[in-house]
Amino acid sequence: MCADSLSITVASVSSAEGLWCALTDERDSWWPELVLTPEVGSVVRETWTEGGREHFADGRVTEAVPPSRLAFVWQQPEWPSPLMVRFNIRSDGERSTVTLTERGFGQLVDGDGLRAAHEEGWNYHLANLLRAASR
């Protein structure tokens, strides 16, 4: 049985507002492959090239509460059901933490493999987010 979710928490030297700004308004500077407007119902789309082929995941924003929560669902065409992603940003004085949670892997054929790949990918994106927020 596959672990249905993954969760990663990282600490930022930036405020919750600074982290939110980097995650939303300045996202193009560190994750240009992702299209996302922080408004409920707006389109989410990530595109990337792997093995000489273009891939994509489409979805929509399900929650946007600045500067503390952003959530969306997304799905690649070959997945039978979407994955749910949530960023929770918590203020800690002038600093903050962000917890990324993604769930739904248990519904996918290779949920374990995809979960491991996404964990690696999210660690990469969160490191870029922290760098962008600290500028």
# chains A, B, ... in the order shown; residues from 1 in each chain; ligands from 1

$ residues_around --residues "Ala57 (chain A)" --least-positions-apart "4" --cutoff "12 Å" --atoms "only C-alpha atoms" --output "PyMOL selection string"
chain A and resi 33-36+43-49+72-79+81-83

$ select_by_dssp --residues "chain A" --states "strand (DSSP E or B)" --output "ChimeraX atom specification"
/A:5-12,34-36,43-50,53-65,69-75,83-92,95-103

$ residues_around --residues "Trp122 (chain A)" --least-positions-apart "6" --cutoff "12 Å" --atoms "only C-alpha atoms" --output "number ranges by chain"
A: 6-10, 31, 85-87, 98-102, 114-116, 128-129

$ atom_distance --atom1 "CA of Ala3 (chain A)" --atom2 "CA of Phe105 (chain A)"
6.9 Å

$ residues_around --residues "Glu63 (chain A)" --least-positions-apart "5" --cutoff "12 Å" --atoms "only C-alpha atoms" --output "number ranges by chain"
A: 37-42, 68-73, 84-88

$ closest_residue --among "A:Ser14, A:Ser5, A:Ser91, A:Gln107" --to "Pro66 (chain A)" --atoms "only C-alpha atoms"
A:Ser91

$ select_by_dssp --residues "region 14-47 of chain A" --states "helix (DSSP H, G or I)" --output "PyMOL selection string"
chain A and resi 16-23+27-29

$ residues_around --residues "Cys21 (chain A)" --least-positions-apart "4" --cutoff "10 Å" --atoms "only C-alpha atoms" --output "PyMOL selection string"
chain A and resi 15-17+25-27+66-67+132-133

$ closest_residue --among "A:Gly104, A:Gly113, A:Gly121, A:Pro32" --to "Asp4 (chain A)" --atoms "only C-alpha atoms"
A:Gly104

$ atom_distance --atom1 "CA of Ser12 (chain A)" --atom2 "CA of Asn123 (chain A)"
13.7 Å
